[in-house]
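Student: My questions will all concern the structure given below.
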Amino acid sequence: MHIHRLEKIFLGLGVITLVAFFLILIALQVGESFKPPASSMTIDPTKVASTPPFDRPGLHKRADGSYEAYYVGQVFFWQPSTLTVPVGAKVHFYVTSTDVVHGFLIEHTDVNLEVMPGWVSTATHVFRHPGDHLIVCDQYCGAGHADMFAHIVVK
Amino acid sequence: MMVLDRMNTATTGAQRRLIFAHLTVAFAALFIGTFFGVLQTLSHANAIQMPPWFDYYRMLTAHGVLLALVFTTFFITGLSHLAVYQTENYPHRSIALGWLAFWLMTVGTVMAAYEILAGNASVLYTFYAPLKASPWFYVGAALLIVGTWVALLEWLLVTNTWRRDHPGERTPLPAFMVLANYIMWFLATVGVAIEVIFMLIPWAFGWVPGVDVLLTRMLFWYFGHPLVYFWLLGAYLVWYGVVPAILKVPIFSDSLTRLAFILFIILSLPVGIHHEFSDPGIADRWKLLQTGLTLMVVVPSLMTAFALFATFEEYAAKLGKTGFFGIVGSLPWGDPAFAGIALAMLLFIFGGIGGILNASYTLDSTIHNTMWVVGHFHITVGGPVALTLLAATWRLLPALTGKRLFSVGLARAQVWLWFVGMAVMSFAMHTEGLMGAPRRVEHYTYGGSAIAAAWQPYSLLAAGGGMVIFLSVIAFAIVLFGTIFSKSDVTESESARAFTFALARPGDEAPSAFDRLGLWTLVAVALVIVAYAGPFYQHFSEHVYLVPGMRTW
Ligand code: HEM
Ligand SMILES: [Cu+2]
Ligand SMILES: [Cu+2]
């Protein structure tokens, strides 16, 4: 089998680029600076309303000064529907569903989670600027999917 | 050309009828599906609102299923029959298995389509549990899958006979490409068949109380990514096999073509988790592992790009043309089949680059479940794959029906309109996706949000692109029906030459290891185990709740 010299160069450059991409991802994961969401917390989806802290969806302050925000998705709304957080707050999100799969997307942030009944999805975000953030459901969940949204007010 | 004359191009009338039956179902799916597509773009742009008796989501389910699953599967299966029957020619052999496959697929399609259009299965083409559709929707999906397995069995049997009759020779390249694609498809569909038959059907009938949601998603995407390579290899069958025949040059390299297809068998499967970067329950190291494998599957597509440009160069050299513009200018743009396929390749450059970007989860958190993704698959399956198949039709029709094309000019307009429309629509979708517009949403209002209002201009642009594509579909229908009902016949030899597969140049014979599909299948299975052992072990060692599910539409 004969491989043309130009093809060797072309494929070589391609492979080097791909390897570089992969090395960057490995470095980001090993250096803890970027990891995909991968929570392994589970929850009984039929008992969310009576499982603390999801029995009180909303903001809870941690001892270290950061916050935990508990969200429950169900057809077709988020609880809490509006959340107020202080400017500069570091917020750890915990999101679950009581029925079908939803998607938790905070517009113009990196928080974008598949929310599955039986699981708690997690993400962390620091809100640096005052303003209003729209949260939409970005996974099809049924007839009212387009009207499933909430707000985070940073002030 | 000696090498081309060696090719046996004849098919029997019975074989042509079987192939044409597949195309008929594919075109019906295309017409209905693209009409729905245009309505979707208008609904997105807040220009129309779907009535309750035919709501957006049943329409979107129909669009995804009819175009991504039915149109592609039927067309590619029909095309594959042609590739196998032309190159492993047994005119007196029964094609009963081919018809059995066709009817299984068709009955399954009708069953699923009925449930979707009746509003009993608005679960979209990914049918994520625990959205609970009518059980007959899942039964239909299972029949569609099993039908394709029967077609694979048919080709394995024909090829076996051919190999016995031609000891020491390599399987003809077109048949090899078909087998490679469908072996990969078989390994992939085993996953979704397990999901549907053992999990979803018993649950939808109410025989079991709940379903393991994450497991259904892992099985679905184990199938869902190779699905896109199944489409792509359908197009590659045309790019590698038919394009050189149109240009009357031999295949660039028989060995490298086989190697590319072998790499696809091995690397298409162990990557499905790149669709689940945002899912809980799958550790980040498994996501990293499958990202690496995803980047590797780019390599055979790079090989394809090189081979195709080399083919163009060889064609131009015959005409004494060199240099980029010399080569591009010398290509037979007047031939609608060639022009469409070349434009499809051009779109795939952008689709392929987008695919490499999507492979890394750093971008995923920004674009996951946004219109970016919709833009991406319209410029991969909607552009390159669908346009290749439609353009190929302009040569398939004379070959199958013996009729002259109704209008070459309109056929040429058809491929350009598709190209322009898809490029515009996909650009608009990518852009609004980057701006945060979620996918699978019937209208963007969100209580009058200013963020959502900023997406509006791009939704309108996408609707404009969608209408251009639909003009292309209308042109397609006119030439299609005009040709079928035309009275103008082509000669027998014209018809036989209309759609052929090129052969390797003399002396270019692949090493025999490249012909051992059984061996490469085992390698593929081994790699699947490497990629999925971790995620599955993790899944079964955690406490997972079963979910009852419901109908939410
Ligand atoms: C006239 C041509 C077409 C138009 C106007 C069109 C338009 C659209 C639009 C607007 C969506 C997004 C809907 C949403 O997320 O809410 C969509 C989804 C989709 N389209 Fe198309 N499309 C066309 C052709 C095609 C073709 C040819 C294919 C494949 C061969 C295709 C495959 C898909 C798939 C798989 C989806 C995803 C469905 C889902 O999210 O469940 N489309 N299309
Ligand atoms: Cu939703
Ligand atoms: Cu994929």
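Residue numbering restarts at 1 in every chain; chains get A, B, ... in the order shown in the structure tokens, and ligands count up from 1 in that same order.
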Do you know which residues are within 6 Å of ligand 1 using only C-alpha atoms and all ligand atoms? Can you write them as a list in words?
Tutor: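 Every residue with an atom at most 6 Å from ligand 1 is listed here: Thr34, Gly37, Val38, Gln40, Thr41, Leu60, Thr61, Gly64, Leu67, Ala68, Leu124, Tyr125, Val374, His378, Val381, Gly382, Ala386, Arg439, Arg440, Val441, Glu442, Gly466, Ile469 and Phe470 of chain B.
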Student: Mind dumping the selected residues with N, CA and C atoms as a PDB file, in the first residue's frame?
Tutor:
ATOM      1  N   THR B  34     -39.910  17.892   5.143  1.00  0.00           N
ATOM      2  CA  THR B  34     -39.401  19.240   4.897  1.00  0.00           C
ATOM      3  C   THR B  34     -40.524  20.268   4.978  1.00  0.00           C
ATOM      4  N   GLY B  37     -40.669  21.109   8.370  1.00  0.00           N
ATOM      5  CA  GLY B  37     -39.486  21.903   8.721  1.00  0.00           C
ATOM      6  C   GLY B  37     -39.728  23.387   8.522  1.00  0.00           C
ATOM      7  N   VAL B  38     -40.349  23.732   7.394  1.00  0.00           N
ATOM      8  CA  VAL B  38     -40.608  25.141   7.122  1.00  0.00           C
ATOM      9  C   VAL B  38     -41.577  25.708   8.165  1.00  0.00           C
ATOM     10  N   GLN B  40     -41.847  24.759  11.149  1.00  0.00           N
ATOM     11  CA  GLN B  40     -41.080  24.921  12.399  1.00  0.00           C
ATOM     12  C   GLN B  40     -40.313  26.237  12.421  1.00  0.00           C
ATOM     13  N   THR B  41     -39.661  26.546  11.297  1.00  0.00           N
ATOM     14  CA  THR B  41     -38.890  27.797  11.296  1.00  0.00           C
ATOM     15  C   THR B  41     -39.826  28.984  11.500  1.00  0.00           C
ATOM     16  N   LEU B  60     -42.621  18.295  15.183  1.00  0.00           N
ATOM     17  CA  LEU B  60     -41.161  18.198  15.304  1.00  0.00           C
ATOM     18  C   LEU B  60     -40.736  16.731  15.419  1.00  0.00           C
ATOM     19  N   THR B  61     -41.528  15.935  16.127  1.00  0.00           N
ATOM     20  CA  THR B  61     -41.230  14.499  16.200  1.00  0.00           C
ATOM     21  C   THR B  61     -41.278  13.896  14.804  1.00  0.00           C
ATOM     22  N   GLY B  64     -38.164  15.022  12.695  1.00  0.00           N
ATOM     23  CA  GLY B  64     -36.941  14.300  13.056  1.00  0.00           C
ATOM     24  C   GLY B  64     -36.995  12.849  12.618  1.00  0.00           C
ATOM     25  N   LEU B  67     -37.205  12.508   8.568  1.00  0.00           N
ATOM     26  CA  LEU B  67     -36.006  12.876   7.810  1.00  0.00           C
ATOM     27  C   LEU B  67     -34.767  12.147   8.301  1.00  0.00           C
ATOM     28  N   ALA B  68     -34.545  12.169   9.617  1.00  0.00           N
ATOM     29  CA  ALA B  68     -33.285  11.626  10.119  1.00  0.00           C
ATOM     30  C   ALA B  68     -33.298  10.099  10.140  1.00  0.00           C
ATOM     31  N   LEU B 124     -40.292  13.248  20.356  1.00  0.00           N
ATOM     32  CA  LEU B 124     -39.167  13.610  19.499  1.00  0.00           C
ATOM     33  C   LEU B 124     -38.376  12.363  19.098  1.00  0.00           C
ATOM     34  N   TYR B 125     -37.468  12.553  18.125  1.00  0.00           N
ATOM     35  CA  TYR B 125     -36.864  11.352  17.553  1.00  0.00           C
ATOM     36  C   TYR B 125     -35.870  10.695  18.501  1.00  0.00           C
ATOM     37  N   VAL B 374     -28.700  22.297  16.338  1.00  0.00           N
ATOM     38  CA  VAL B 374     -29.609  22.116  15.203  1.00  0.00           C
ATOM     39  C   VAL B 374     -28.927  22.620  13.924  1.00  0.00           C
ATOM     40  N   HIS B 378     -27.978  20.214  10.612  1.00  0.00           N
ATOM     41  CA  HIS B 378     -28.472  20.528   9.268  1.00  0.00           C
ATOM     42  C   HIS B 378     -27.324  20.730   8.280  1.00  0.00           C
ATOM     43  N   VAL B 381     -26.025  16.296   8.283  1.00  0.00           N
ATOM     44  CA  VAL B 381     -26.956  15.353   7.636  1.00  0.00           C
ATOM     45  C   VAL B 381     -27.897  16.076   6.678  1.00  0.00           C
ATOM     46  N   GLY B 382     -28.389  17.261   7.068  1.00  0.00           N
ATOM     47  CA  GLY B 382     -29.322  17.985   6.202  1.00  0.00           C
ATOM     48  C   GLY B 382     -28.643  18.516   4.947  1.00  0.00           C
ATOM     49  N   ALA B 386     -27.984  14.636   2.859  1.00  0.00           N
ATOM     50  CA  ALA B 386     -29.225  14.694   2.091  1.00  0.00           C
ATOM     51  C   ALA B 386     -28.972  15.216   0.682  1.00  0.00           C
ATOM     52  N   ARG B 439     -32.954  24.824  21.772  1.00  0.00           N
ATOM     53  CA  ARG B 439     -33.606  24.094  20.691  1.00  0.00           C
ATOM     54  C   ARG B 439     -34.902  23.475  21.204  1.00  0.00           C
ATOM     55  N   ARG B 440     -35.674  22.904  20.289  1.00  0.00           N
ATOM     56  CA  ARG B 440     -36.889  22.176  20.628  1.00  0.00           C
ATOM     57  C   ARG B 440     -37.862  23.038  21.424  1.00  0.00           C
ATOM     58  N   VAL B 441     -38.009  24.287  21.005  1.00  0.00           N
ATOM     59  CA  VAL B 441     -38.898  25.222  21.681  1.00  0.00           C
ATOM     60  C   VAL B 441     -39.813  25.805  20.617  1.00  0.00           C
ATOM     61  N   GLU B 442     -41.134  25.814  20.863  1.00  0.00           N
ATOM     62  CA  GLU B 442     -42.026  26.181  19.759  1.00  0.00           C
ATOM     63  C   GLU B 442     -42.028  27.669  19.460  1.00  0.00           C
ATOM     64  N   GLY B 466     -34.926  28.324   5.216  1.00  0.00           N
ATOM     65  CA  GLY B 466     -35.807  27.155   5.155  1.00  0.00           C
ATOM     66  C   GLY B 466     -36.712  27.211   3.933  1.00  0.00           C
ATOM     67  N   ILE B 469     -34.812  26.210   0.902  1.00  0.00           N
ATOM     68  CA  ILE B 469     -34.687  24.747   0.815  1.00  0.00           C
ATOM     69  C   ILE B 469     -35.996  24.153   0.319  1.00  0.00           C
ATOM     70  N   PHE B 470     -37.100  24.732   0.774  1.00  0.00           N
ATOM     71  CA  PHE B 470     -38.366  24.140   0.354  1.00  0.00           C
ATOM     72  C   PHE B 470     -38.611  24.376  -1.139  1.00  0.00           C
TER      73      PHE B 470
END
Student: Contacts from chain B to chain A, 6 Å maximum, only C-alpha atoms: show me the residue list as a ChimeraX atom specification.
Tutor: /B:130,278-284,365-366,369,438,441,545,552-553
Student: Skipping near chain neighbours, those fewer than 5 positions away, what residues fall within 8 Å of region 79-81 of chain B using only C-alpha atoms, listed as a ChimeraX atom specification?
Tutor: /B:19,155,175,178
Student: Write out, as a short mmCIF file (atom, residue, chain, number, x, y, z; two decimals), in the first residue's frame, the residues just selected, with N, CA, C and O atoms.
Tutor:
data_model
loop_
_atom_site.label_atom_id
_atom_site.label_comp_id
_atom_site.auth_asym_id
_atom_site.auth_seq_id
_atom_site.Cartn_x
_atom_site.Cartn_y
_atom_site.Cartn_z
N ILE B 19 -35.21 -1.59 -5.38
CA ILE B 19 -34.50 -0.35 -5.07
C ILE B 19 -35.47 0.83 -5.15
O ILE B 19 -35.51 1.70 -4.27
N TRP B 155 -27.07 -9.14 2.13
CA TRP B 155 -25.79 -8.78 1.48
C TRP B 155 -24.67 -9.70 1.93
O TRP B 155 -23.76 -10.00 1.17
N ALA B 175 -19.44 -3.16 -2.57
CA ALA B 175 -20.04 -4.10 -1.64
C ALA B 175 -19.32 -4.04 -0.29
O ALA B 175 -19.94 -4.11 0.78
N VAL B 178 -20.60 -1.07 1.61
CA VAL B 178 -21.94 -1.33 2.14
C VAL B 178 -21.84 -2.21 3.39
O VAL B 178 -22.44 -1.92 4.43
#
Student: Ranking B:Ala504, B:Ala437, B:Leu232, B:Met550 by minimum distance to ligand 3 and counting only C-alpha atoms and all ligand atoms, which one comes first?
Tutor: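 Using only C-alpha atoms and all ligand atoms, the shortest distance to ligand 3 belongs to B:Leu232.
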Student: Write out as a list in words each polymer residue (protein, DNA or RNA) that has an atom no more than 6 Å from ligand 3, with only C-alpha atoms and all ligand atoms counted.
Tutor: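 Using only C-alpha atoms and all ligand atoms, everything at most 6 Å from ligand 3 comes to His225, Gly272 and His275 of chain B.
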Student: Residues of the last selection are to be written out with C-alpha atoms, as a short mmCIF file (atom, residue, chain, number, x, y, z; two decimals), in the first residue's frame.
Tutor:
data_model
loop_
_atom_site.label_atom_id
_atom_site.label_comp_id
_atom_site.auth_asym_id
_atom_site.auth_seq_id
_atom_site.Cartn_x
_atom_site.Cartn_y
_atom_site.Cartn_z
CA HIS B 225 -23.60 8.72 17.36
CA GLY B 272 -21.73 8.11 22.23
CA HIS B 275 -23.85 13.51 23.62
#
Student: Go ahead and compute the interatomic distance for CA of Phe205 (chain B) and CA of Pro135 (chain B), in Å to one decimal.
Tutor: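 Taking CA of Phe205 (chain B) as the start and CA of Pro135 (chain B) as the end point, the length is 5.9 Å.
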Student: Please identify all polymer residues within 9 Å of Ala413 (chain B), counting only C-alpha atoms, omitting same-chain residues fewer than 3 positions from it, and present them as a list in words.
Tutor: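 Near neighbours after the sequence-gap exclusion: Pro336, Val408, Gly409, Leu410, Trp416, Leu417, Trp418, Ser472 and Ala475 of chain B.
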Student: Could you please write out, as a list of chain:residue names, every residue of region 346-504 of chain B that DSSP assigns to strand (DSSP E or B)?
Tutor: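 Selection result, strand (DSSP E or B) within region 346-504 of chain B: B:Thr370, B:Lys403, B:Pro438, B:Asp489, B:Ala504.
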Student: Which is closest to ligand 2 among A:Pro86, A:Gly58, A:Gly65, A:Gly73, if we use only C-alpha atoms and all ligand atoms?
Tutor: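 For ligand 2, the nearest of the candidates is A:Gly73.
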Student: Would you return as a list of chain:residue names the members of chain A that DSSP assigns to alpha helix (DSSP H) on this structure's backbone?
Tutor: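 DSSP-assigned alpha helix (DSSP H) residues in chain A: A:Arg5, A:Leu6, A:Glu7, A:Lys8, A:Ile9, A:Phe10, A:Leu11, A:Gly12, A:Leu13, A:Gly14, A:Val15, A:Ile16, A:Thr17, A:Leu18, A:Val19, A:Ala20, A:Phe21, A:Phe22, A:Leu23, A:Ile24, A:Leu25, A:Ile26, A:Ala27, A:Leu28, A:Gln29, A:Val30.
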Student: For CA of Phe277 (chain B) and CA of Leu200 (chain B), quote the distance in Å rounded to one decimal.
Tutor: 23.3 Å
Student: Please compute the CA of Ala305 (chain B)-CA of Leu82 (chain B) distance, one decimal, in Å.
Tutor: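 A separation of 24.5 Å between them.
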Student: Select, from A:Tyr70, A:Phe54, A:Phe93, A:Phe77, the residue with the minimum atom-to-atom distance to ligand 2, counting only C-alpha atoms and all ligand atoms.
Tutor: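 Using only C-alpha atoms and all ligand atoms, the shortest distance to ligand 2 belongs to A:Phe77.
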Student: Excluding Trp394 (chain B) and residues on its chain fewer than 6 positions from it, collect all residues at most 12 Å away from it, counting only C-alpha atoms, and give them as a short mmCIF file (atom, residue, chain, number, x, y, z; two decimals) with C-alpha atoms, in the first residue's frame.
Tutor:
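So part-v7.cif came out as:
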data_model
loop_
_atom_site.label_atom_id
_atom_site.label_comp_id
_atom_site.auth_asym_id
_atom_site.auth_seq_id
_atom_site.Cartn_x
_atom_site.Cartn_y
_atom_site.Cartn_z
CA ASP B 335 -24.09 17.75 -14.49
CA PRO B 336 -26.64 18.24 -11.69
CA ALA B 337 -25.57 15.04 -9.95
CA PHE B 338 -21.93 16.08 -9.88
CA ALA B 339 -22.69 19.70 -8.96
CA GLY B 340 -24.93 18.66 -6.07
CA ILE B 341 -22.41 16.19 -4.71
CA LEU B 387 -27.88 16.77 -0.80
CA THR B 388 -25.61 13.93 -1.89
CA LEU B 400 -33.73 2.73 -12.59
CA THR B 401 -36.60 3.93 -14.78
CA LYS B 403 -36.33 7.65 -18.63
CA ARG B 404 -34.55 10.84 -19.58
CA LEU B 405 -34.39 13.52 -16.86
CA PHE B 406 -37.41 15.77 -17.19
CA SER B 407 -35.32 18.96 -16.90
CA VAL B 408 -31.58 19.12 -16.39
CA GLY B 409 -31.79 22.88 -15.78
CA LEU B 410 -34.33 22.50 -13.01
CA ALA B 411 -32.32 19.65 -11.49
CA ARG B 412 -29.31 21.95 -11.47
CA GLN B 414 -32.53 22.18 -7.25
CA VAL B 415 -29.06 21.37 -5.95
CA PHE B 476 -37.04 18.15 -6.85
CA ALA B 477 -40.63 16.95 -6.95
CA VAL B 479 -38.21 16.80 -11.95
CA LEU B 480 -38.89 13.54 -10.11
CA THR B 483 -39.16 12.01 -15.20
CA ILE B 484 -41.20 9.11 -13.89
CA SER B 495 -29.31 3.83 -18.69
CA ALA B 498 -26.01 6.49 -15.70
CA PHE B 499 -25.14 5.16 -12.27
#
Student: Write out as a ChimeraX atom specification the residues lying within 12 Å of Val85 (chain A), counting only C-alpha atoms and excluding same-chain residues fewer than 5 positions away.
Tutor: /A:58-61,66-69,90-92,125-133,151-155
Student: List the spatial neighbours of region 159-167 of chain B as a PyMOL selection string - criterion: any atom at most 9 Å away, only C-alpha atoms, same-chain residues fewer than 4 positions off excluded.
Tutor: chain B and resi 84+88-90+154-155+171+175-176
Student: With distances taken over only C-alpha atoms and all ligand atoms, which of B:Leu293, B:Ala141, B:Ile266, B:Leu131 is nearest to ligand 2?
Tutor: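 Nearest candidate to ligand 2 out of B:Leu293, B:Ala141, B:Ile266, B:Leu131: B:Leu131.
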